[in-house]
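Data from structure00.txt: compact mmCIF, C-alpha atoms (C1' of nucleotides)
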# COMPACT_ATOMS: atom_id res chain seq x y z
CA MET K 1 -46.83 -12.68 -35.45
CA ARG K 2 -48.99 -11.47 -32.60
CA ILE K 3 -52.08 -9.26 -32.66
CA GLY K 4 -53.07 -6.89 -29.90
CA TYR K 5 -55.03 -3.82 -28.84
CA PRO K 6 -54.36 -0.97 -26.45
CA CYS K 7 -55.10 -0.50 -22.79
CA VAL K 8 -58.82 -1.13 -22.51
CA ASN K 9 -60.97 -4.25 -22.75
CA GLU K 10 -64.60 -3.34 -23.37
CA SER K 11 -65.88 -6.88 -22.83
CA LEU K 12 -64.92 -7.09 -19.19
CA ASP K 13 -66.50 -5.14 -16.35
CA CYS K 14 -63.24 -3.91 -14.88
CA THR K 15 -60.62 -1.28 -15.67
CA SER K 16 -56.87 -1.54 -15.21
CA THR K 17 -56.35 2.23 -15.07
CA SER K 18 -58.70 3.40 -12.36
CA THR K 19 -57.44 6.52 -10.65
CA PHE K 20 -58.60 9.48 -8.62
CA ARG K 21 -57.93 13.18 -8.38
CA LEU K 22 -54.69 14.60 -7.15
CA ALA K 23 -56.63 16.66 -4.60
CA SER K 24 -57.94 13.50 -2.98
CA TYR K 25 -54.60 11.71 -2.86
CA SER K 26 -53.92 9.25 -0.08
CA ASP K 27 -51.64 6.24 0.30
CA GLU K 28 -54.72 4.13 1.03
CA ARG K 29 -56.28 5.07 -2.29
CA VAL K 30 -53.08 4.25 -4.14
CA GLU K 31 -52.93 0.84 -2.52
CA LEU K 32 -56.58 0.14 -3.32
CA ALA K 33 -56.28 1.32 -6.93
CA VAL K 34 -53.08 -0.56 -7.75
CA GLY K 35 -54.52 -3.77 -6.30
CA ASN K 36 -57.68 -3.41 -8.39
CA ASN K 37 -55.77 -2.38 -11.51
CA LEU K 38 -53.39 -5.33 -11.39
CA ALA K 39 -56.25 -7.75 -10.74
CA CYS K 40 -58.06 -6.35 -13.77
CA LEU K 41 -54.91 -6.48 -15.89
CA GLN K 42 -54.57 -10.14 -15.04
CA ARG K 43 -58.19 -10.77 -16.05
CA ILE K 44 -57.64 -8.96 -19.36
CA LEU K 45 -54.55 -11.04 -20.11
CA VAL K 46 -56.41 -14.28 -19.43
CA TRP K 47 -59.24 -13.11 -21.68
CA ASN K 48 -56.71 -12.20 -24.37
CA VAL K 49 -55.04 -15.61 -24.28
CA ALA K 50 -58.41 -17.27 -24.72
CA GLN K 51 -58.92 -15.12 -27.85
CA HIS K 52 -55.38 -15.76 -29.15
CA LEU K 53 -54.52 -12.08 -28.68
CA LEU K 54 -50.94 -12.23 -27.43
CA PHE K 55 -49.94 -8.57 -27.70
CA PHE K 56 -51.25 -5.93 -25.30
CA ARG K 57 -50.48 -2.31 -24.48
CA ILE K 58 -50.72 -1.77 -20.74
CA GLY K 59 -52.24 1.56 -19.75
CA SER K 60 -50.07 4.23 -18.15
CA GLY K 61 -52.35 4.50 -15.14
CA ILE K 62 -51.71 1.18 -13.38
CA VAL K 63 -50.19 3.18 -10.52
CA PRO K 64 -52.02 6.49 -9.99
CA PHE K 65 -49.46 9.33 -9.95
CA GLY K 66 -46.79 6.71 -10.56
CA SER K 67 -44.16 9.34 -11.37
CA HIS K 68 -45.56 12.24 -9.36
CA PRO K 69 -43.64 13.37 -6.28
CA ILE K 70 -46.82 13.21 -4.21
CA ASN K 71 -46.82 9.43 -4.49
CA THR K 72 -44.42 8.12 -1.86
CA PHE K 73 -46.36 4.92 -1.26
CA PRO K 74 -43.95 1.93 -1.65
CA TRP K 75 -46.03 0.24 -4.34
CA GLN K 76 -42.94 -1.43 -5.80
CA THR K 77 -42.49 -3.59 -2.72
CA ARG K 78 -46.15 -3.80 -1.66
CA PHE K 79 -47.12 -5.25 -5.06
CA ALA K 80 -43.90 -7.05 -5.98
CA ALA K 81 -45.62 -10.45 -5.90
CA GLU K 82 -48.56 -9.27 -8.00
CA PHE K 83 -46.33 -7.69 -10.65
CA ARG K 84 -44.20 -10.84 -10.73
CA SER K 85 -47.30 -12.99 -11.14
CA VAL K 86 -48.52 -10.92 -14.11
CA GLY K 87 -45.07 -11.12 -15.68
CA ASP K 88 -44.90 -14.87 -15.17
CA TYR K 89 -48.26 -15.26 -16.91
CA ILE K 90 -47.08 -13.12 -19.83
CA LYS K 91 -43.95 -15.20 -20.25
CA ALA K 92 -45.71 -18.55 -19.79
CA ASN K 93 -48.06 -17.67 -22.65
CA SER K 94 -45.46 -16.14 -24.97
CA MET K 95 -47.23 -12.81 -24.80
CA ARG K 96 -45.65 -9.45 -25.47
CA VAL K 97 -46.59 -6.16 -23.83
CA SER K 98 -45.77 -2.51 -24.29
CA PHE K 99 -46.43 0.85 -22.71
CA HIS K 100 -47.18 4.11 -24.53
CA PRO K 101 -46.60 7.07 -22.20
CA ASP K 102 -48.84 9.81 -23.48
CA GLN K 103 -48.40 13.31 -24.78
CA PHE K 104 -46.79 14.73 -21.67
CA VAL K 105 -43.61 12.74 -22.22
CA VAL K 106 -41.47 15.00 -24.41
CA LEU K 107 -37.77 14.19 -24.30
CA ASN K 108 -36.78 16.96 -26.70
CA SER K 109 -38.46 19.85 -24.93
CA PRO K 110 -36.29 22.94 -24.44
CA ASP K 111 -37.74 23.09 -20.92
CA ALA K 112 -35.51 21.11 -18.55
CA GLY K 113 -38.39 20.61 -16.11
CA ILE K 114 -40.53 18.96 -18.78
CA VAL K 115 -37.63 16.69 -19.74
CA GLU K 116 -37.08 15.73 -16.11
CA ARG K 117 -40.76 14.86 -15.58
CA SER K 118 -40.71 12.92 -18.83
CA VAL K 119 -37.72 10.86 -17.74
CA GLN K 120 -39.38 10.14 -14.40
CA GLU K 121 -42.49 8.87 -16.20
CA LEU K 122 -40.34 6.57 -18.34
CA VAL K 123 -38.52 5.34 -15.24
CA TYR K 124 -41.88 4.57 -13.61
CA GLN K 125 -43.18 2.64 -16.61
CA GLY K 126 -39.89 0.82 -17.14
CA SER K 127 -39.82 -0.17 -13.48
CA MET K 128 -43.16 -1.96 -13.94
CA LEU K 129 -41.54 -4.10 -16.65
CA ASP K 130 -38.65 -4.77 -14.30
CA LEU K 131 -41.05 -5.81 -11.53
CA MET K 132 -42.76 -8.16 -13.98
CA GLY K 133 -39.41 -9.65 -14.82
CA LEU K 134 -39.84 -8.85 -18.52
CA ASP K 135 -36.83 -8.29 -20.78
CA SER K 136 -36.02 -5.57 -23.32
CA THR K 137 -38.24 -7.10 -26.03
CA HIS K 138 -41.15 -5.48 -24.13
CA LYS K 139 -41.11 -1.81 -25.08
CA LEU K 140 -41.80 1.77 -24.03
CA GLN K 141 -43.14 3.63 -27.04
CA ILE K 142 -42.96 7.40 -27.47
CA HIS K 143 -42.83 10.03 -30.20
CA VAL K 144 -39.78 12.16 -30.97
CA GLY K 145 -41.56 15.18 -29.49
CA GLY K 146 -42.12 18.79 -30.49
CA LEU K 147 -40.74 20.74 -33.42
CA TYR K 148 -40.24 24.15 -31.78
CA GLY K 149 -39.70 25.71 -35.20
CA ASP K 150 -36.37 23.97 -35.85
CA ARG K 151 -36.38 20.31 -36.86
CA GLU K 152 -32.60 19.90 -36.68
CA LEU K 153 -32.35 21.33 -33.18
CA ALA K 154 -35.36 19.32 -32.05
CA ILE K 155 -33.79 16.07 -33.27
CA SER K 156 -30.40 16.88 -31.77
CA ARG K 157 -32.02 17.61 -28.38
CA PHE K 158 -33.73 14.23 -28.49
CA ILE K 159 -30.41 12.54 -29.16
CA ALA K 160 -28.65 14.43 -26.38
CA THR K 161 -31.35 13.50 -23.86
CA TYR K 162 -31.37 9.89 -25.01
CA HIS K 163 -27.72 9.54 -23.99
CA THR K 164 -28.58 10.58 -20.43
CA LEU K 165 -31.37 8.02 -19.90
CA PRO K 166 -31.02 5.24 -17.31
CA GLU K 167 -30.17 1.91 -18.92
CA ALA K 168 -33.47 0.34 -17.81
CA VAL K 169 -35.27 2.96 -19.92
CA ARG K 170 -32.86 3.14 -22.85
CA ALA K 171 -32.90 -0.63 -23.41
CA ARG K 172 -36.68 -0.53 -23.86
CA LEU K 173 -37.34 2.80 -25.52
CA VAL K 174 -38.58 2.91 -29.10
CA ILE K 175 -39.77 5.85 -31.23
CA GLU K 176 -42.85 5.94 -33.39
CA ASN K 177 -43.24 7.92 -36.59
CA ASP K 178 -46.05 10.43 -36.12
CA ASP K 179 -48.62 11.83 -38.52
CA ARG K 180 -47.68 15.52 -38.54
CA LEU K 181 -44.16 16.31 -37.34
CA PHE K 182 -41.58 13.53 -37.38
CA SER K 183 -41.74 11.11 -40.30
CA LEU K 184 -40.19 7.70 -40.74
CA GLN K 185 -37.18 9.42 -42.34
CA ASP K 186 -36.72 11.63 -39.28
CA CYS K 187 -36.92 8.57 -37.03
CA LEU K 188 -34.36 6.78 -39.20
CA ARG K 189 -31.97 9.67 -38.63
CA VAL K 190 -32.41 9.34 -34.87
CA HIS K 191 -31.87 5.60 -35.20
CA ALA K 192 -28.68 6.16 -37.19
CA ALA K 193 -27.38 8.37 -34.37
CA VAL K 194 -28.25 6.26 -31.33
CA GLY K 195 -29.53 2.86 -32.51
CA ILE K 196 -33.06 3.22 -31.11
CA PRO K 197 -35.62 0.95 -32.85
CA ILE K 198 -38.50 2.47 -34.78
CA LEU K 199 -42.03 1.38 -34.02
CA PHE K 200 -43.75 1.77 -37.39
CA ASP K 201 -47.24 3.21 -37.64
CA ASN K 202 -48.74 2.51 -41.06
CA PHE K 203 -51.49 5.11 -40.76
CA HIS K 204 -49.13 7.87 -39.65
CA HIS K 205 -46.90 6.94 -42.57
CA GLU K 206 -49.85 7.36 -44.92
CA CYS K 207 -50.40 10.83 -43.44
CA LEU K 208 -46.73 11.91 -43.49
CA ASN K 209 -44.09 10.40 -45.75
CA HIS K 210 -41.49 11.13 -48.40
CA GLY K 211 -42.86 8.84 -51.06
CA GLU K 212 -41.65 5.53 -49.61
CA PRO K 213 -44.02 2.75 -50.64
CA MET K 214 -45.55 0.90 -47.68
CA ALA K 215 -43.62 -2.32 -48.30
CA GLU K 216 -40.32 -0.43 -48.39
CA ALA K 217 -41.18 1.63 -45.30
CA LEU K 218 -41.97 -1.54 -43.37
CA ARG K 219 -38.59 -3.02 -44.22
CA LEU K 220 -36.72 0.15 -43.32
CA ALA K 221 -38.35 0.19 -39.89
CA ALA K 222 -37.97 -3.55 -39.32
CA ALA K 223 -34.22 -3.30 -39.92
CA THR K 224 -33.89 -1.02 -36.87
CA TRP K 225 -34.92 -3.83 -34.48
CA HIS K 226 -32.14 -6.03 -33.12
CA PRO K 227 -33.45 -9.62 -33.37
CA THR K 228 -32.48 -10.78 -29.88
CA ARG K 229 -32.26 -7.56 -27.87
CA ASP K 230 -35.47 -5.98 -29.24
CA GLY K 231 -37.43 -8.87 -30.74
CA VAL K 232 -39.44 -8.63 -33.96
CA MET K 233 -40.72 -5.20 -34.91
CA MET K 234 -43.76 -3.88 -33.13
CA MET K 235 -46.12 -1.76 -35.21
CA ASP K 236 -49.34 0.18 -34.83
CA TYR K 237 -52.02 -0.46 -37.42
CA SER K 238 -54.99 1.73 -38.24
CA SER K 239 -56.79 3.33 -41.15
CA GLN K 240 -58.63 6.57 -41.86
CA ALA K 241 -62.10 7.03 -40.36
CA LEU K 242 -64.22 7.72 -43.44
CA GLY K 243 -65.72 11.19 -43.53
CA GLU K 244 -63.75 12.31 -40.50
CA ARG K 245 -60.77 14.58 -39.94
CA ARG K 246 -57.61 13.37 -41.65
CA GLY K 247 -55.65 11.28 -39.17
CA LYS K 248 -58.65 10.11 -37.15
CA HIS K 249 -58.62 6.38 -36.48
CA THR K 250 -61.37 4.22 -37.93
CA ALA K 251 -64.11 3.05 -35.56
CA SER K 252 -63.75 -0.56 -36.61
CA LEU K 253 -61.44 -2.68 -38.75
CA GLU K 254 -61.79 -2.21 -42.52
CA GLU K 255 -61.09 -5.78 -43.50
CA ASP K 256 -60.27 -5.14 -47.15
CA LEU K 257 -57.70 -2.49 -46.24
CA PHE K 258 -56.22 -4.79 -43.62
CA GLN K 259 -55.95 -7.65 -46.11
CA GLY K 260 -54.17 -5.29 -48.50
CA PHE K 261 -51.78 -4.25 -45.80
CA ILE K 262 -50.97 -7.84 -44.91
CA ALA K 263 -50.06 -8.39 -48.54
CA GLU K 264 -47.55 -5.51 -48.27
CA LEU K 265 -46.01 -7.25 -45.27
CA GLY K 266 -44.97 -10.19 -47.37
CA ASP K 267 -43.03 -12.60 -45.21
CA LEU K 268 -42.02 -9.94 -42.66
CA ASP K 269 -42.69 -11.02 -39.08
CA VAL K 270 -44.17 -8.23 -36.91
CA ASP K 271 -46.37 -7.85 -33.85
CA ILE K 272 -49.35 -5.64 -34.70
CA MET K 273 -51.17 -3.33 -32.29
CA LEU K 274 -54.58 -2.39 -33.68
CA GLU K 275 -55.25 1.24 -32.81
CA ILE K 276 -58.90 0.98 -33.61
CA LYS K 277 -61.69 2.42 -31.57
CA ASP K 278 -63.60 -0.76 -30.87
CA LYS K 279 -60.51 -2.39 -29.34
CA GLU K 280 -60.66 -6.15 -28.88
CA ALA K 281 -63.60 -6.58 -31.25
CA SER K 282 -61.50 -5.56 -34.26
CA ALA K 283 -58.39 -7.24 -32.87
CA GLY K 284 -60.29 -10.51 -32.80
CA ARG K 285 -61.40 -10.04 -36.43
CA ALA K 286 -57.84 -9.25 -37.52
CA CYS K 287 -56.61 -12.30 -35.67
CA GLY K 288 -59.18 -14.45 -37.45
CA ILE K 289 -58.06 -13.14 -40.85
CA LEU K 290 -54.44 -13.93 -40.10
CA ARG K 291 -55.26 -17.40 -38.84
CA ASN K 292 -57.15 -18.11 -42.05
CA LEU K 293 -54.06 -16.99 -43.95
CA GLY K 294 -51.93 -19.32 -41.86
CA ARG K 295 -49.94 -16.39 -40.46
CA ILE K 296 -50.87 -17.13 -36.84
CA VAL K 297 -50.97 -20.38 -34.97
CA ALA K 298 -53.38 -20.90 -32.09
CA ALA K 299 -52.09 -19.91 -28.69
CA GLN K 300 -51.09 -22.70 -26.38
CA THR K 301 -53.30 -22.86 -23.31
CA VAL K 302 -51.93 -23.07 -19.80
C1' DG R 1 -79.25 7.55 -8.71
C1' DA R 2 -78.27 10.72 -12.40
C1' DT R 3 -75.75 14.57 -14.30
C1' DG R 4 -72.20 17.41 -16.07
C1' DG R 5 -67.92 19.84 -15.13
C1' DT R 6 -63.39 18.54 -14.48
C1' DC R 7 -59.02 16.04 -14.34
C1' DA R 8 -50.70 16.21 -13.29
C1' DA R 9 -48.33 16.65 -17.03
C1' DG R 10 -47.45 19.46 -23.70
C1' DG R 11 -47.54 20.98 -28.23
C1' DT R 12 -49.57 22.44 -32.66
C1' DT R 13 -52.76 24.69 -35.49
C1' DA R 14 -56.60 27.62 -36.40
C1' DT R 15 -58.91 31.86 -35.33
C1' DA D 1 -53.44 35.97 -27.39
C1' DT D 2 -56.77 32.42 -26.91
C1' DA D 3 -59.19 28.30 -27.88
C1' DA D 4 -59.74 23.79 -29.99
C1' DC D 5 -57.75 19.54 -30.76
C1' DC D 6 -55.40 15.14 -29.67
C1' DT D 7 -58.47 11.20 -26.88
C1' DT D 8 -61.30 9.47 -23.18
C1' DG D 9 -62.94 7.57 -19.48
C1' DA D 10 -64.23 8.16 -15.07
C1' DC D 11 -63.89 10.80 -10.86
C1' DC D 12 -66.54 13.66 -7.94
C1' DA D 13 -69.41 17.49 -6.46
C1' DT D 14 -73.92 18.57 -6.89
C1' DC D 15 -78.66 18.04 -7.58

As structure tokens - that is how I would like this structure written.
Amino acid sequence: MRIGYPCVNESLDCTSTSTFRLASYSDERVELAVGNNLACLQRILVWNVAQHLLFFRIGSGIVPFGSHPINTFPWQTRFAAEFRSVGDYIKANSMRVSFHPDQFVVLNSPDAGIVERSVQELVYQGSMLDLMGLDSTHKLQIHVGGLYGDRELAISRFIATYHTLPEAVRARLVIENDDRLFSLQDCLRVHAAVGIPILFDNFHHECLNHGEPMAEALRLAAATWHPTRDGVMMMDYSSQALGERRGKHTASLEEDLFQGFIAELGDLDVDIMLEIKDKEASAGRACGILRNLGRIVAAQTV
DNA sequence: GATGGTCAAGGTTAT
DNA sequence: ATAACCTTGACCATC
């Protein structure tokens, strides 16, 4: 079991997703930004290892405009050594990483242009995993997409597009149950059609479900991960921010709720991404709880 | 140096 | 039809 947090480390004075505006695009700025972003990513990973946090979601903005046609800078070759070095560090420390392309990636859109741009974004993010030399246990995480007033059509469009994806993307793509549109059951139907693993989000499941108890839902999702090809199930963990809009993530880990959730896990092995506002602070607390329970062993140091 | 409007990309829901 | 929301920082023009 690994514990992680997404994209940003608030303890370090660097960012791995620095960018600039499209209007001020230049190759020089791309080169500068990617160099800085990869250096910061490496610092974050070292920091994480020291804290026994071996799971990390890499931000989508490592390469500014990484899938935009304006960006013709050959960052893949210019930074091949740096990407390889990051990947080597990840492997040497038994870490696992993921990407979560954001809301603009919609594979089931009825608009062919949106689908094309979405595929290009997935190709870009998958190519970073290739450059790092990381296998298909490191994932690209997206949602099923929009509803467009017809759930059946929306699901069938996702399936049709999935079949057209490049292998480098398809081998790594996983779908996450969301909190309003596509439930775990919907994701299971997509899985039954194409075999894609389901990245389970406990909080989204609490917001949208068909009565499956948490322990059962966890096992249904876990069964969609192929042990060698995909690795153990990845999941997102969060809980409701008290007094806030339904679906809003808590500002910091509610330890009693987390302990209760761990009990639901039983002996299931998963890697948990804490989608909690205070990032590595809560991830560290969660990691401490699991170490006290004997569910995590200390990371080996290199 | 500080400030506040703005930033590639989509979709849903409320008004 | 239009705006707010998701989520969020940080870029950048302006003062």

Please provide the set of residues having any atom within 12 Å of D:DA4, restricted to all atoms listed in the file, with same-chain residues fewer than 4 positions apart removed, written as a list in words.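 Using all atoms listed in the file, the neighbours found are DT12, DT13, DA14 and DT15 of chain R.
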
Within 9 Å of chain D, which residues of chain K are there when counting all atoms listed in the file? Please give them as a ChimeraX atom specification. /K:18-21,103

Since we have the selection now, will you write its residues out, keeping C-alpha atoms, as an mmCIF file, in the frame of the given file?
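And here is the file that came out, selection16.cif:
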data_model
loop_
_atom_site.group_PDB
_atom_site.id
_atom_site.type_symbol
_atom_site.label_atom_id
_atom_site.label_comp_id
_atom_site.auth_asym_id
_atom_site.auth_seq_id
_atom_site.Cartn_x
_atom_site.Cartn_y
_atom_site.Cartn_z
ATOM 1 C CA SER K 18 -58.700 3.400 -12.360
ATOM 2 C CA THR K 19 -57.440 6.520 -10.650
ATOM 3 C CA PHE K 20 -58.600 9.480 -8.620
ATOM 4 C CA ARG K 21 -57.930 13.180 -8.380
ATOM 5 C CA GLN K 103 -48.400 13.310 -24.780
#

Got a sec to pull out which chain K residues are within 10 Å of chain R, counting only C-alpha atoms (C1' of nucleotides), and send them as JSON, numbers by chain? {"K": [20, 21, 22, 65, 67, 68, 102, 103, 104, 105, 106, 109, 114, 117, 118, 121, 145, 146, 147, 148, 180, 181]}

Do you know which residues are at most 12 Å from K:Val34 counting all atoms listed in the file, after dropping those on the same chain fewer than 2 positions away, and could you put them as number ranges by chain? K: 15-20, 27-32, 36-41, 60-66, 73-76, 78-80, 82-83, 128

Pairwise distance for atom CA of K:Leu242 and atom CA of K:Asp256, rounded to one decimal in Å: 14.0 Å

Just need the box for stretch 1-7 of chain R, edges along x, y and z, holding every atom the file lists for it with 3 Å tacked onto each side, so centre and edge lengths in Å to one decimal, as JSON.
{"center_x": -69.1, "center_y": 13.7, "center_z": -12.4, "size_x": 26.2, "size_y": 18.3, "size_z": 13.4}

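One finds atom CA of K:Asn202 at 5.7 Å from atom CA of K:Tyr237.
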
Work out how far apart atom CA of K:Met132 and atom CA of K:Arg285 are and give it in Å to one decimal.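 These atoms are spaced 29.2 Å apart.
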
Contacts of K:Asn48 at 12 Å (all atoms listed in the file; same-chain gap of 4+ positions) as a PDB file with C-alpha atoms, in the frame of the given file:
ATOM      1  CA  ARG K   2     -48.990 -11.470 -32.600  1.00  0.00           C
ATOM      2  CA  ILE K   3     -52.080  -9.260 -32.660  1.00  0.00           C
ATOM      3  CA  GLY K   4     -53.070  -6.890 -29.900  1.00  0.00           C
ATOM      4  CA  TYR K   5     -55.030  -3.820 -28.840  1.00  0.00           C
ATOM      5  CA  PRO K   6     -54.360  -0.970 -26.450  1.00  0.00           C
ATOM      6  CA  CYS K   7     -55.100  -0.500 -22.790  1.00  0.00           C
ATOM      7  CA  VAL K   8     -58.820  -1.130 -22.510  1.00  0.00           C
ATOM      8  CA  ASN K   9     -60.970  -4.250 -22.750  1.00  0.00           C
ATOM      9  CA  GLU K  10     -64.600  -3.340 -23.370  1.00  0.00           C
ATOM     10  CA  SER K  11     -65.880  -6.880 -22.830  1.00  0.00           C
ATOM     11  CA  LEU K  12     -64.920  -7.090 -19.190  1.00  0.00           C
ATOM     12  CA  LEU K  41     -54.910  -6.480 -15.890  1.00  0.00           C
ATOM     13  CA  GLN K  42     -54.570 -10.140 -15.040  1.00  0.00           C
ATOM     14  CA  ARG K  43     -58.190 -10.770 -16.050  1.00  0.00           C
ATOM     15  CA  ILE K  44     -57.640  -8.960 -19.360  1.00  0.00           C
ATOM     16  CA  HIS K  52     -55.380 -15.760 -29.150  1.00  0.00           C
ATOM     17  CA  LEU K  53     -54.520 -12.080 -28.680  1.00  0.00           C
ATOM     18  CA  LEU K  54     -50.940 -12.230 -27.430  1.00  0.00           C
ATOM     19  CA  PHE K  55     -49.940  -8.570 -27.700  1.00  0.00           C
ATOM     20  CA  PHE K  56     -51.250  -5.930 -25.300  1.00  0.00           C
ATOM     21  CA  ARG K  57     -50.480  -2.310 -24.480  1.00  0.00           C
ATOM     22  CA  TYR K  89     -48.260 -15.260 -16.910  1.00  0.00           C
ATOM     23  CA  ILE K  90     -47.080 -13.120 -19.830  1.00  0.00           C
ATOM     24  CA  ASN K  93     -48.060 -17.670 -22.650  1.00  0.00           C
ATOM     25  CA  SER K  94     -45.460 -16.140 -24.970  1.00  0.00           C
ATOM     26  CA  MET K  95     -47.230 -12.810 -24.800  1.00  0.00           C
ATOM     27  CA  ARG K  96     -45.650  -9.450 -25.470  1.00  0.00           C
ATOM     28  CA  VAL K  97     -46.590  -6.160 -23.830  1.00  0.00           C
ATOM     29  CA  LYS K 279     -60.510  -2.390 -29.340  1.00  0.00           C
ATOM     30  CA  GLU K 280     -60.660  -6.150 -28.880  1.00  0.00           C
ATOM     31  CA  ALA K 281     -63.600  -6.580 -31.250  1.00  0.00           C
ATOM     32  CA  ALA K 283     -58.390  -7.240 -32.870  1.00  0.00           C
ATOM     33  CA  GLY K 284     -60.290 -10.510 -32.800  1.00  0.00           C
ATOM     34  CA  CYS K 287     -56.610 -12.300 -35.670  1.00  0.00           C
ATOM     35  CA  ALA K 299     -52.090 -19.910 -28.690  1.00  0.00           C
ATOM     36  CA  THR K 301     -53.300 -22.860 -23.310  1.00  0.00           C
TER      37      THR K 301
END

Any idea what's packed within 9 Å of K:Phe203, counting all atoms listed in the file, ignoring anything in its chain fewer than 5 positions away? Could you give it as a ChimeraX atom specification? /K:178-179,208,236-240,247,249

Would you fill the gaps in stretch 55-74 of chain K so it has N, CA and C atoms, then print it as a tab-separated table (two decimals), in the coordinates of the input?
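For reference, out27.tsv as written:
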chain	number	residue	atom	x	y	z
K	55	PHE	N	-50.66	-9.85	-27.76
K	55	PHE	CA	-49.94	-8.57	-27.70
K	55	PHE	C	-50.89	-7.60	-26.98
K	56	PHE	N	-50.37	-6.85	-26.04
K	56	PHE	CA	-51.25	-5.93	-25.30
K	56	PHE	C	-50.45	-4.71	-24.86
K	57	ARG	N	-51.07	-3.54	-25.01
K	57	ARG	CA	-50.48	-2.31	-24.48
K	57	ARG	C	-51.09	-2.06	-23.11
K	58	ILE	N	-50.25	-2.02	-22.10
K	58	ILE	CA	-50.72	-1.77	-20.74
K	58	ILE	C	-50.88	-0.27	-20.55
K	59	GLY	N	-51.97	0.14	-19.94
K	59	GLY	CA	-52.24	1.56	-19.75
K	59	GLY	C	-51.23	2.20	-18.80
K	60	SER	N	-51.05	3.50	-18.96
K	60	SER	CA	-50.07	4.23	-18.15
K	60	SER	C	-50.52	4.40	-16.70
K	61	GLY	N	-51.80	4.17	-16.45
K	61	GLY	CA	-52.35	4.50	-15.14
K	61	GLY	C	-52.47	3.34	-14.17
K	62	ILE	N	-51.66	2.30	-14.32
K	62	ILE	CA	-51.71	1.18	-13.38
K	62	ILE	C	-51.48	1.70	-11.96
K	63	VAL	N	-50.47	2.56	-11.82
K	63	VAL	CA	-50.19	3.18	-10.52
K	63	VAL	C	-50.57	4.65	-10.62
K	64	PRO	N	-51.65	5.08	-9.94
K	64	PRO	CA	-52.02	6.49	-9.99
K	64	PRO	C	-50.86	7.38	-9.52
K	65	PHE	N	-50.56	8.40	-10.29
K	65	PHE	CA	-49.46	9.33	-9.95
K	65	PHE	C	-48.15	8.57	-9.78
K	66	GLY	N	-47.95	7.60	-10.67
K	66	GLY	CA	-46.79	6.71	-10.56
K	66	GLY	C	-45.46	7.43	-10.66
K	67	SER	N	-45.43	8.60	-11.28
K	67	SER	CA	-44.16	9.34	-11.37
K	67	SER	C	-44.26	10.72	-10.73
K	68	HIS	N	-45.36	10.93	-10.00
K	68	HIS	CA	-45.56	12.24	-9.36
K	68	HIS	C	-44.94	12.24	-7.97
K	69	PRO	N	-44.29	13.33	-7.59
K	69	PRO	CA	-43.64	13.37	-6.28
K	69	PRO	C	-44.60	13.17	-5.11
K	70	ILE	N	-45.88	13.39	-5.33
K	70	ILE	CA	-46.82	13.21	-4.21
K	70	ILE	C	-46.91	11.74	-3.81
K	71	ASN	N	-46.63	10.86	-4.75
K	71	ASN	CA	-46.82	9.43	-4.49
K	71	ASN	C	-45.56	8.83	-3.88
K	72	THR	N	-45.56	8.72	-2.56
K	72	THR	CA	-44.42	8.12	-1.86
K	72	THR	C	-44.78	6.74	-1.32
K	73	PHE	N	-45.97	6.26	-1.71
K	73	PHE	CA	-46.36	4.92	-1.26
K	73	PHE	C	-45.42	3.87	-1.89
K	74	PRO	N	-44.91	2.93	-1.11
K	74	PRO	CA	-43.95	1.93	-1.65
K	74	PRO	C	-44.62	0.82	-2.45
